Number of protein chains: 2
Amino acid sequence: MSAKAADVARLAGVSVSTVSLVLNGNGRISAKTIEQVRAAAAQLNYVPNAQASGLRRRITHRIALVVPDIGNSVYVSIAKSIQQVAKAKGYYVSLVSTDGIEGADIDALQLLHGGQVDGMVLISLKSSRALEQGLKHLQKPICVIGRVPGNLGVDNVQANSDQGVRLAVEHLLGLGRRRLVFINGPLDTNPAVQRLEGYRQSIRAAGLEERLVTAEFTLEGGYAAAEEALNSYPNADALVCANDLLGIGALKWLRQRKIRVPEDIAVSGMDDIRECEICSPALTSVALHAAERGRMAAQMLFDRLSGASTGSPIRVVLEPTLRVRESTGGQP
Amino acid sequence: MSAKAADVARLAGVSVSTVSLVLNGNGRISAKTIEQVRAAAAQLNYVPNAQASGLRRRITHRIALVVPDIGNSVYVSIAKSIQQVAKAKGYYVSLVSTDGIEGADIDALQLLHGGQVDGMVLISLKSSRALEQGLKHLQKPICVIGRVPGNLGVDNVQANSDQGVRLAVEHLLGLGRRRLVFINGPLDTNPAVQRLEGYRQSIRAAGLEERLVTAEFTLEGGYAAAEEALNSYPNADALVCANDLLGIGALKWLRQRKIRVPEDIAVSGMDDIRECEICSPALTSVALHAAERGRMAAQMLFDRLSGASTGSPIRVVLEPTLRVRESTGGQP
DNA sequence: CAAACCTGATAAAACGATTTACCATCTCCC
DNA sequence: GGGAGATGGTAAATCGTTTTATCAGGTTTG
């Protein structure tokens with residue numbers, strides 16, 4: 001097995017304590033001894049055992065990131081920026097993808113109790129009583145991205161996504177569209193509820209009629225939902241999609257039906273994932289600044305871990321940004 | 001802090017050893033005691049400390065996944081399938097993205113030495129002497145996806161990507177194209193070297209002239225490379241791209257120049273990432289079965305960890321599959 | 001009845017580091 | 001020269017589990 005501190009100590013002719021003192025930079029050890037220990041450690045390619053060290057120090061240098069689906073580019077963006085912050089702080093990231101499994105997010109909280117990680121960034125689509133309970137009794141820092149169950153006081157980063165939908169709707173209204181169908185995600189998820197609210201408000205404010213279709217937050221969902229939307233509302237002149245996967249899926253169906261976008265019907269998405277630029281026509285979207293949300297969540301978490309932040313929970317809300325592209329008539 | 005075994009023991013009126021014995025299912029403990037301990041543990045919401053348990057048992061229930069760039073969909077596919085296998089085995093995944101940082105992959109090997117993980121799946125684009133040395137002295141199982149430095153004997157999953165390029169070239173030749181430009185990645189990476197080989201062989205076999213451009217393995221790289229390719233070879237009738245990001249970037253440039261694909265020029269990619277279906281025209285690609293590679297690598301790793309596989313290192317090579325789409329004239 | 005045998009629980013020794021309290025020396029200075 | 005102070009190192013306790021060896025008490029058995 002790997003060399004341990006005792007091996008280094010033996011080779012350097014000192015005690016285990018001395019090895020530790022030298023390698024951790026503390027203590028008053030003579031230059032000569034330091035040199036000997038360093039040499040011995042290097043020679044044996046010694047790396048301190050993280051579990052032993054962590055057990056004693058009560059730290060793991062690891063955080064968990066819990067996401068609904070690592071296959072979704074939004075969460076990849078978030079994961080990437082969190083990973084970058086963590087690496088800069090000398091931390092590793094344990095990635096957990098809950099993949100729609102009921103209760104998987106609650107299970108993940110055990111990582112905190114079991115001392116597997118020092119903190120967690122949690123993204124959960126659904127609020128449940130159990131999750132709320134779990135979040136109530138935590139001894140380790142956590143930062144939630146998205147809605148917090150029961151409005152508990154925990155560090156929190158949110159995107160103002162209902163405002164995002166309003167931006168999209170107003171953009172389409174401004175283009176003269178009047179028969180907007182909202183393609184939403186499953187109504188038992190927080191984002192869907194929030195985005196529906198944004199759609200309702202802006203449609204009502206404009207004195208128009210609500211038109212609603214729901215599907216899974218996936219490409220396939222969008223494909224099926226586009227068909228349903230145009231069956232239910234044949235004269236629709238715009239599809240407002242609750243996220244980009246739905247929007248891109250809808251574009252695919254429209255293209256196959258030779259329905260012209262944006263001439264016959266305009267389409268907008270939300271999240272501003274990379275694929276918006278790639279698909280054709282390029283998808284107008286509302287940026288919810290995923291990478292930035294990830295960065296901020298990580299920063300908040302590390303502020304807690306370092307003790308830099310100790311006060312009451314912080315909530316940050318990011319404002320959305322409309323990105324006009326071809327699918328609503330923007331420049332190609 | 002969290003409840004520990006001693007707390008449970010006190011509440012249940014037994015010793016710490018008994019608590020452990022009960023919770024780990026071993027030993028000969030009476031039904032009555034088992035019940036008491038279970039109840040106490042549940043009441044205190046006891047979760048064994050993973051570091052302490054791991055220190056004693058010499059196991060972490062965690063593997064590391066080291067990828068070049070978690071922003072690339074190929075690695076997302078791989079990560080997703082590895083995560084799924086790991087979860088099924090009760091393991092967590094620590095994700096490390098090396099992001100082009102020199103030596104980051106070698107540093108990651110320290111995770112094994114430091115006992116942070118039980119095993120590792122490593123994807124490294126470049127072979128170096130240092131990495132080869134690092135791989136030589138490992139006490140923990142590892143599975144490398146892609147070329148192994150120095151042809152060391154370690155568990156290994158590869159895609160036959162030179163054959164993949166051959167498939168693409170032959171497909172284009174079969175369509176009557178004769179002036180194929182190869183848009184390759186950086187020649188100091190293993191995949192680029194391997195894919196170049198495939199291009200050379202098939203072009204030579206057809207008695208044609210080699211045309212070569214290189215760029216980073218990114219969308220931006222592909223965009224720039226398309227311009228360079230058509231400047232250097234104005235009469236090119238096909239772009240063979242070494243991966244899909246290059247291909248999609250090239251498509252973008254061609255579209256902006258109003259060069260018709262596939263009528264004026266055909267384009268093929270490689271990896272068959274999800275975006276191939278999304279972009280327009282849909283990109284013909286060669287599937288290297290990323291998800292399957294991930295699954296197999298994880299499986300090989302867990303076979304080592306469980307002791308199910310103990311013999312000499314295993315190498316698996318997956319054969320590529322051509323996926324014809326619009327960008328070379330397939331059905332829309 | 002004593003020796004042998006079960007049964008069920010526990011004490012104690014790991015695992016491999018960190019850290020505190022302590023112990024030698026050696027120096028200094030009145 | 002001897003007490004105070006530095007200096008440099010070490011022994012031992014500790015983190016929270018797991019696991020082995022042991023032990024107490026009851027039951028069987030020759």
# chains A, B, ... in the order shown; residues from 1 in each chain; ligands from 1
>>> interface_residues(of="chain A", to="chain D", cutoff="7 Å", atoms="only C-alpha atoms (C1' of nucleotides)", output="PDB file with N, CA and C atoms, in the first residue's frame")
ATOM      1  N   SER A  15      10.043  11.296  14.604  1.00  0.00           N
ATOM      2  CA  SER A  15       8.760  10.738  15.023  1.00  0.00           C
ATOM      3  C   SER A  15       7.658  11.104  14.035  1.00  0.00           C
ATOM      4  N   ARG A  28       7.706  24.413  15.585  1.00  0.00           N
ATOM      5  CA  ARG A  28       9.051  24.985  15.488  1.00  0.00           C
ATOM      6  C   ARG A  28      10.016  23.846  15.269  1.00  0.00           C
ATOM      7  N   ILE A  29      10.226  23.568  14.013  1.00  0.00           N
ATOM      8  CA  ILE A  29      11.110  22.465  13.655  1.00  0.00           C
ATOM      9  C   ILE A  29      12.344  23.054  12.974  1.00  0.00           C
ATOM     10  N   SER A  30      13.489  22.487  13.256  1.00  0.00           N
ATOM     11  CA  SER A  30      14.737  23.026  12.708  1.00  0.00           C
ATOM     12  C   SER A  30      14.801  22.800  11.201  1.00  0.00           C
ATOM     13  N   LEU A  55     -10.718  12.740   9.219  1.00  0.00           N
ATOM     14  CA  LEU A  55     -11.382  12.304  10.449  1.00  0.00           C
ATOM     15  C   LEU A  55     -10.934  13.179  11.615  1.00  0.00           C
ATOM     16  N   ARG A  56      -9.645  13.361  11.682  1.00  0.00           N
ATOM     17  CA  ARG A  56      -9.108  14.156  12.779  1.00  0.00           C
ATOM     18  C   ARG A  56      -9.473  15.640  12.639  1.00  0.00           C
TER      19      ARG A  56
END
>>> residues_around(residues="range 110-127 of chain A", least_positions_apart="6", cutoff="7 Å", atoms="only C-alpha atoms (C1' of nucleotides)", output="PyMOL selection string")
(chain A and resi 59-68+140-146+149+188-191+297+301) or (chain B and resi 2+47-51)
>>> write_last_selection(atoms="N, CA and C atoms", output="PDB file, in the first residue's frame")
ATOM      1  N   ILE A  59     -12.890  17.509   8.345  1.00  0.00           N
ATOM      2  CA  ILE A  59     -13.053  18.217   7.086  1.00  0.00           C
ATOM      3  C   ILE A  59     -12.773  17.227   5.962  1.00  0.00           C
ATOM      4  N   THR A  60     -13.433  17.408   4.838  1.00  0.00           N
ATOM      5  CA  THR A  60     -13.235  16.457   3.744  1.00  0.00           C
ATOM      6  C   THR A  60     -12.637  17.101   2.497  1.00  0.00           C
ATOM      7  N   HIS A  61     -12.656  18.421   2.441  1.00  0.00           N
ATOM      8  CA  HIS A  61     -12.241  19.118   1.221  1.00  0.00           C
ATOM      9  C   HIS A  61     -13.045  18.639   0.017  1.00  0.00           C
ATOM     10  N   ARG A  62     -14.300  18.407   0.265  1.00  0.00           N
ATOM     11  CA  ARG A  62     -15.147  17.953  -0.816  1.00  0.00           C
ATOM     12  C   ARG A  62     -16.537  18.543  -0.623  1.00  0.00           C
ATOM     13  N   ILE A  63     -17.169  18.943  -1.715  1.00  0.00           N
ATOM     14  CA  ILE A  63     -18.559  19.367  -1.634  1.00  0.00           C
ATOM     15  C   ILE A  63     -19.372  18.477  -2.576  1.00  0.00           C
ATOM     16  N   ALA A  64     -20.649  18.429  -2.334  1.00  0.00           N
ATOM     17  CA  ALA A  64     -21.521  17.663  -3.221  1.00  0.00           C
ATOM     18  C   ALA A  64     -22.305  18.627  -4.088  1.00  0.00           C
ATOM     19  N   LEU A  65     -22.538  18.206  -5.311  1.00  0.00           N
ATOM     20  CA  LEU A  65     -23.429  18.949  -6.184  1.00  0.00           C
ATOM     21  C   LEU A  65     -24.541  18.003  -6.598  1.00  0.00           C
ATOM     22  N   VAL A  66     -25.754  18.364  -6.248  1.00  0.00           N
ATOM     23  CA  VAL A  66     -26.899  17.513  -6.554  1.00  0.00           C
ATOM     24  C   VAL A  66     -27.741  18.201  -7.623  1.00  0.00           C
ATOM     25  N   VAL A  67     -27.841  17.571  -8.781  1.00  0.00           N
ATOM     26  CA  VAL A  67     -28.595  18.159  -9.899  1.00  0.00           C
ATOM     27  C   VAL A  67     -29.669  17.179 -10.364  1.00  0.00           C
ATOM     28  N   PRO A  68     -30.710  17.715 -10.987  1.00  0.00           N
ATOM     29  CA  PRO A  68     -31.797  16.837 -11.443  1.00  0.00           C
ATOM     30  C   PRO A  68     -31.370  15.922 -12.587  1.00  0.00           C
ATOM     31  N   LYS A 140     -24.445  21.312   8.436  1.00  0.00           N
ATOM     32  CA  LYS A 140     -23.404  21.710   7.490  1.00  0.00           C
ATOM     33  C   LYS A 140     -24.005  22.663   6.472  1.00  0.00           C
ATOM     34  N   PRO A 141     -23.180  23.540   5.941  1.00  0.00           N
ATOM     35  CA  PRO A 141     -23.705  24.556   5.028  1.00  0.00           C
ATOM     36  C   PRO A 141     -24.220  23.968   3.721  1.00  0.00           C
ATOM     37  N   ILE A 142     -25.256  24.612   3.224  1.00  0.00           N
ATOM     38  CA  ILE A 142     -25.839  24.189   1.964  1.00  0.00           C
ATOM     39  C   ILE A 142     -26.263  25.445   1.233  1.00  0.00           C
ATOM     40  N   CYS A 143     -26.235  25.386  -0.077  1.00  0.00           N
ATOM     41  CA  CYS A 143     -26.790  26.478  -0.861  1.00  0.00           C
ATOM     42  C   CYS A 143     -27.734  25.877  -1.884  1.00  0.00           C
ATOM     43  N   VAL A 144     -28.955  26.350  -1.878  1.00  0.00           N
ATOM     44  CA  VAL A 144     -29.963  25.822  -2.787  1.00  0.00           C
ATOM     45  C   VAL A 144     -30.061  26.728  -4.006  1.00  0.00           C
ATOM     46  N   ILE A 145     -30.029  26.126  -5.176  1.00  0.00           N
ATOM     47  CA  ILE A 145     -30.297  26.882  -6.388  1.00  0.00           C
ATOM     48  C   ILE A 145     -31.729  26.599  -6.790  1.00  0.00           C
ATOM     49  N   GLY A 146     -32.527  27.649  -6.895  1.00  0.00           N
ATOM     50  CA  GLY A 146     -33.945  27.479  -7.212  1.00  0.00           C
ATOM     51  C   GLY A 146     -34.800  27.693  -5.977  1.00  0.00           C
ATOM     52  N   PRO A 149     -37.940  24.817  -0.500  1.00  0.00           N
ATOM     53  CA  PRO A 149     -39.177  24.287   0.066  1.00  0.00           C
ATOM     54  C   PRO A 149     -39.541  25.034   1.350  1.00  0.00           C
ATOM     55  N   ASP A 188     -45.888  19.811 -11.457  1.00  0.00           N
ATOM     56  CA  ASP A 188     -45.481  19.495 -10.091  1.00  0.00           C
ATOM     57  C   ASP A 188     -44.017  19.869  -9.843  1.00  0.00           C
ATOM     58  N   THR A 189     -43.452  20.641 -10.757  1.00  0.00           N
ATOM     59  CA  THR A 189     -42.085  21.123 -10.520  1.00  0.00           C
ATOM     60  C   THR A 189     -42.120  22.616 -10.237  1.00  0.00           C
ATOM     61  N   ASN A 190     -41.176  23.064  -9.443  1.00  0.00           N
ATOM     62  CA  ASN A 190     -41.139  24.476  -9.087  1.00  0.00           C
ATOM     63  C   ASN A 190     -40.973  25.397 -10.291  1.00  0.00           C
ATOM     64  N   PRO A 191     -40.047  25.103 -11.196  1.00  0.00           N
ATOM     65  CA  PRO A 191     -39.859  26.028 -12.309  1.00  0.00           C
ATOM     66  C   PRO A 191     -41.127  26.179 -13.141  1.00  0.00           C
ATOM     67  N   ALA A 297     -23.481  30.404  -6.201  1.00  0.00           N
ATOM     68  CA  ALA A 297     -23.836  29.404  -5.195  1.00  0.00           C
ATOM     69  C   ALA A 297     -22.566  28.833  -4.568  1.00  0.00           C
ATOM     70  N   LEU A 301     -21.339  29.136  -0.693  1.00  0.00           N
ATOM     71  CA  LEU A 301     -21.029  27.947   0.100  1.00  0.00           C
ATOM     72  C   LEU A 301     -19.629  28.055   0.715  1.00  0.00           C
TER      73      LEU A 301
ATOM     74  N   SER B   2     -23.613  15.832  14.339  1.00  0.00           N
ATOM     75  CA  SER B   2     -24.403  14.628  14.123  1.00  0.00           C
ATOM     76  C   SER B   2     -24.224  13.634  15.259  1.00  0.00           C
ATOM     77  N   VAL B  47     -26.294   8.488  11.241  1.00  0.00           N
ATOM     78  CA  VAL B  47     -25.634   8.068  10.007  1.00  0.00           C
ATOM     79  C   VAL B  47     -24.155   7.889  10.335  1.00  0.00           C
ATOM     80  N   PRO B  48     -23.618   6.695  10.124  1.00  0.00           N
ATOM     81  CA  PRO B  48     -22.211   6.465  10.477  1.00  0.00           C
ATOM     82  C   PRO B  48     -21.307   7.439   9.744  1.00  0.00           C
ATOM     83  N   ASN B  49     -20.299   7.911  10.416  1.00  0.00           N
ATOM     84  CA  ASN B  49     -19.349   8.812   9.793  1.00  0.00           C
ATOM     85  C   ASN B  49     -18.531   8.066   8.749  1.00  0.00           C
ATOM     86  N   ALA B  50     -18.613   8.563   7.528  1.00  0.00           N
ATOM     87  CA  ALA B  50     -17.999   7.850   6.415  1.00  0.00           C
ATOM     88  C   ALA B  50     -16.476   7.859   6.498  1.00  0.00           C
ATOM     89  N   GLN B  51     -15.907   8.905   7.036  1.00  0.00           N
ATOM     90  CA  GLN B  51     -14.455   8.958   7.094  1.00  0.00           C
ATOM     91  C   GLN B  51     -13.928   7.952   8.098  1.00  0.00           C
TER      92      GLN B  51
END
>>> interface_residues(of="chain C", to="chain B", cutoff="7 Å", atoms="only C-alpha atoms (C1' of nucleotides)", output="list in words")
DG8, DT10 and DC15 of chain C
>>> write_last_selection(atoms="C-alpha atoms (C1' of nucleotides)", output="PDB file, in the first residue's frame")
ATOM      1  C1'  DG C   8     -24.690 -12.657  23.641  1.00  0.00           C
ATOM      2  C1'  DT C  10     -18.247  -5.971  25.533  1.00  0.00           C
ATOM      3  C1'  DC C  15      -7.157   2.447  10.914  1.00  0.00           C
TER       4       DC C  15
END
>>> closest_residue(among="B:Glu170, B:Asp244, B:Glu197, B:Asp237", to="chain A", atoms="only C-alpha atoms")
B:Asp244
>>> select_by_dssp(residues="range 66-197 of chain B", states="strand (DSSP E or B)", output="ChimeraX atom specification")
/B:66-67,92-97,119-123,142-145,155-159,180-184
>>> write_last_selection(atoms="C-alpha atoms", output="mmCIF file, in the first residue's frame")
data_model
loop_
_atom_site.group_PDB
_atom_site.id
_atom_site.type_symbol
_atom_site.label_atom_id
_atom_site.label_comp_id
_atom_site.auth_asym_id
_atom_site.auth_seq_id
_atom_site.Cartn_x
_atom_site.Cartn_y
_atom_site.Cartn_z
ATOM 1 C CA VAL B 66 -11.258 12.602 -14.690
ATOM 2 C CA VAL B 67 -12.326 14.196 -17.973
ATOM 3 C CA TYR B 92 -20.371 8.180 -5.483
ATOM 4 C CA VAL B 93 -18.461 9.898 -8.250
ATOM 5 C CA SER B 94 -15.977 12.695 -7.755
ATOM 6 C CA LEU B 95 -15.754 14.648 -10.948
ATOM 7 C CA VAL B 96 -12.527 16.305 -12.036
ATOM 8 C CA SER B 97 -12.377 18.368 -15.198
ATOM 9 C CA GLY B 119 -10.676 3.692 -8.112
ATOM 10 C CA MET B 120 -10.640 5.950 -11.114
ATOM 11 C CA VAL B 121 -11.818 6.290 -14.678
ATOM 12 C CA LEU B 122 -9.339 8.470 -16.496
ATOM 13 C CA ILE B 123 -9.697 10.207 -19.815
ATOM 14 C CA ILE B 142 -7.980 2.423 -12.758
ATOM 15 C CA CYS B 143 -9.610 2.216 -16.141
ATOM 16 C CA VAL B 144 -8.389 4.453 -18.917
ATOM 17 C CA ILE B 145 -10.708 5.528 -21.699
ATOM 18 C CA ASP B 155 -7.692 -1.708 -18.012
ATOM 19 C CA ASN B 156 -8.660 0.197 -21.078
ATOM 20 C CA VAL B 157 -11.644 1.073 -23.228
ATOM 21 C CA GLN B 158 -11.069 2.543 -26.634
ATOM 22 C CA ALA B 159 -13.045 3.578 -29.634
ATOM 23 C CA LEU B 180 -11.934 16.023 -48.903
ATOM 24 C CA VAL B 181 -10.391 18.377 -46.378
ATOM 25 C CA PHE B 182 -9.686 16.929 -42.953
ATOM 26 C CA ILE B 183 -10.332 19.338 -40.096
ATOM 27 C CA ASN B 184 -8.392 17.857 -37.239
#
>>> residues_around(residues="Leu152 in chain B", least_positions_apart="4", cutoff="12 Å", atoms="only C-alpha atoms (C1' of nucleotides)", output="short mmCIF file (atom, residue, chain, number, x, y, z; two decimals) with N, CA and C atoms, in the first residue's frame")
data_model
loop_
_atom_site.label_atom_id
_atom_site.label_comp_id
_atom_site.auth_asym_id
_atom_site.auth_seq_id
_atom_site.Cartn_x
_atom_site.Cartn_y
_atom_site.Cartn_z
N SER B 127 -0.61 12.08 -23.92
CA SER B 127 0.25 11.16 -23.20
C SER B 127 1.53 11.89 -22.83
N ARG B 129 5.33 11.49 -20.43
CA ARG B 129 6.21 10.62 -19.66
C ARG B 129 5.76 10.57 -18.20
N LEU B 131 2.78 11.12 -16.94
CA LEU B 131 1.54 10.36 -16.77
C LEU B 131 1.83 8.87 -16.83
N GLU B 132 2.71 8.50 -17.74
CA GLU B 132 3.07 7.09 -17.86
C GLU B 132 3.68 6.59 -16.55
N GLN B 133 4.59 7.38 -15.99
CA GLN B 133 5.18 7.00 -14.71
C GLN B 133 4.12 6.88 -13.63
N GLY B 134 3.24 7.86 -13.62
CA GLY B 134 2.18 7.86 -12.61
C GLY B 134 1.31 6.62 -12.69
N LEU B 135 1.04 6.22 -13.93
CA LEU B 135 0.17 5.06 -14.12
C LEU B 135 0.87 3.76 -13.76
N LYS B 136 2.20 3.81 -13.80
CA LYS B 136 2.95 2.58 -13.54
C LYS B 136 2.87 2.14 -12.09
N HIS B 137 2.84 3.11 -11.21
CA HIS B 137 2.88 2.77 -9.79
C HIS B 137 1.57 3.06 -9.11
N LEU B 138 0.60 2.24 -9.40
CA LEU B 138 -0.71 2.44 -8.79
C LEU B 138 -1.05 1.22 -7.95
N ILE B 142 -7.68 1.30 -11.90
CA ILE B 142 -7.98 2.42 -12.76
C ILE B 142 -8.42 1.85 -14.10
N CYS B 143 -9.27 2.59 -14.78
CA CYS B 143 -9.61 2.22 -16.14
C CYS B 143 -9.45 3.45 -17.01
N VAL B 144 -8.65 3.32 -18.04
CA VAL B 144 -8.39 4.45 -18.92
C VAL B 144 -9.30 4.36 -20.13
N ARG B 147 -6.42 6.23 -25.55
CA ARG B 147 -5.06 5.70 -25.64
C ARG B 147 -4.37 5.68 -24.29
N VAL B 148 -3.63 4.62 -24.02
CA VAL B 148 -2.87 4.52 -22.77
C VAL B 148 -1.41 4.88 -23.05
N ASN B 156 -8.60 -0.81 -20.03
CA ASN B 156 -8.66 0.20 -21.08
C ASN B 156 -9.87 -0.01 -21.99
N SER B 312 -4.97 -10.32 -15.74
CA SER B 312 -4.21 -9.26 -16.38
C SER B 312 -5.16 -8.24 -16.99
N PRO B 313 -4.61 -7.06 -17.28
CA PRO B 313 -5.44 -5.95 -17.74
C PRO B 313 -6.26 -6.31 -18.97
N ILE B 314 -7.43 -5.71 -19.04
CA ILE B 314 -8.36 -5.98 -20.13
C ILE B 314 -8.40 -4.78 -21.06
N ARG B 315 -8.42 -5.03 -22.34
CA ARG B 315 -8.61 -3.93 -23.29
C ARG B 315 -9.83 -4.22 -24.14
#
>>> residues_around(residues="range 200-202 of chain B", least_positions_apart="6", cutoff="7 Å", atoms="only C-alpha atoms (C1' of nucleotides)", output="PyMOL selection string")
chain B and resi 166+169+210
>>> write_last_selection(atoms="C-alpha atoms", output="PDB file, in the first residue's frame")
ATOM      1  CA  ARG B 166     -12.268   5.758 -42.565  1.00  0.00           C
ATOM      2  CA  VAL B 169     -14.180   9.175 -45.764  1.00  0.00           C
ATOM      3  CA  GLU B 210      -4.254  14.900 -48.459  1.00  0.00           C
TER       4      GLU B 210
END
>>> closest_residue(among="B:Tyr233, B:Tyr199, B:Tyr223, B:Phe302", to="chain A", atoms="only C-alpha atoms")
B:Tyr223
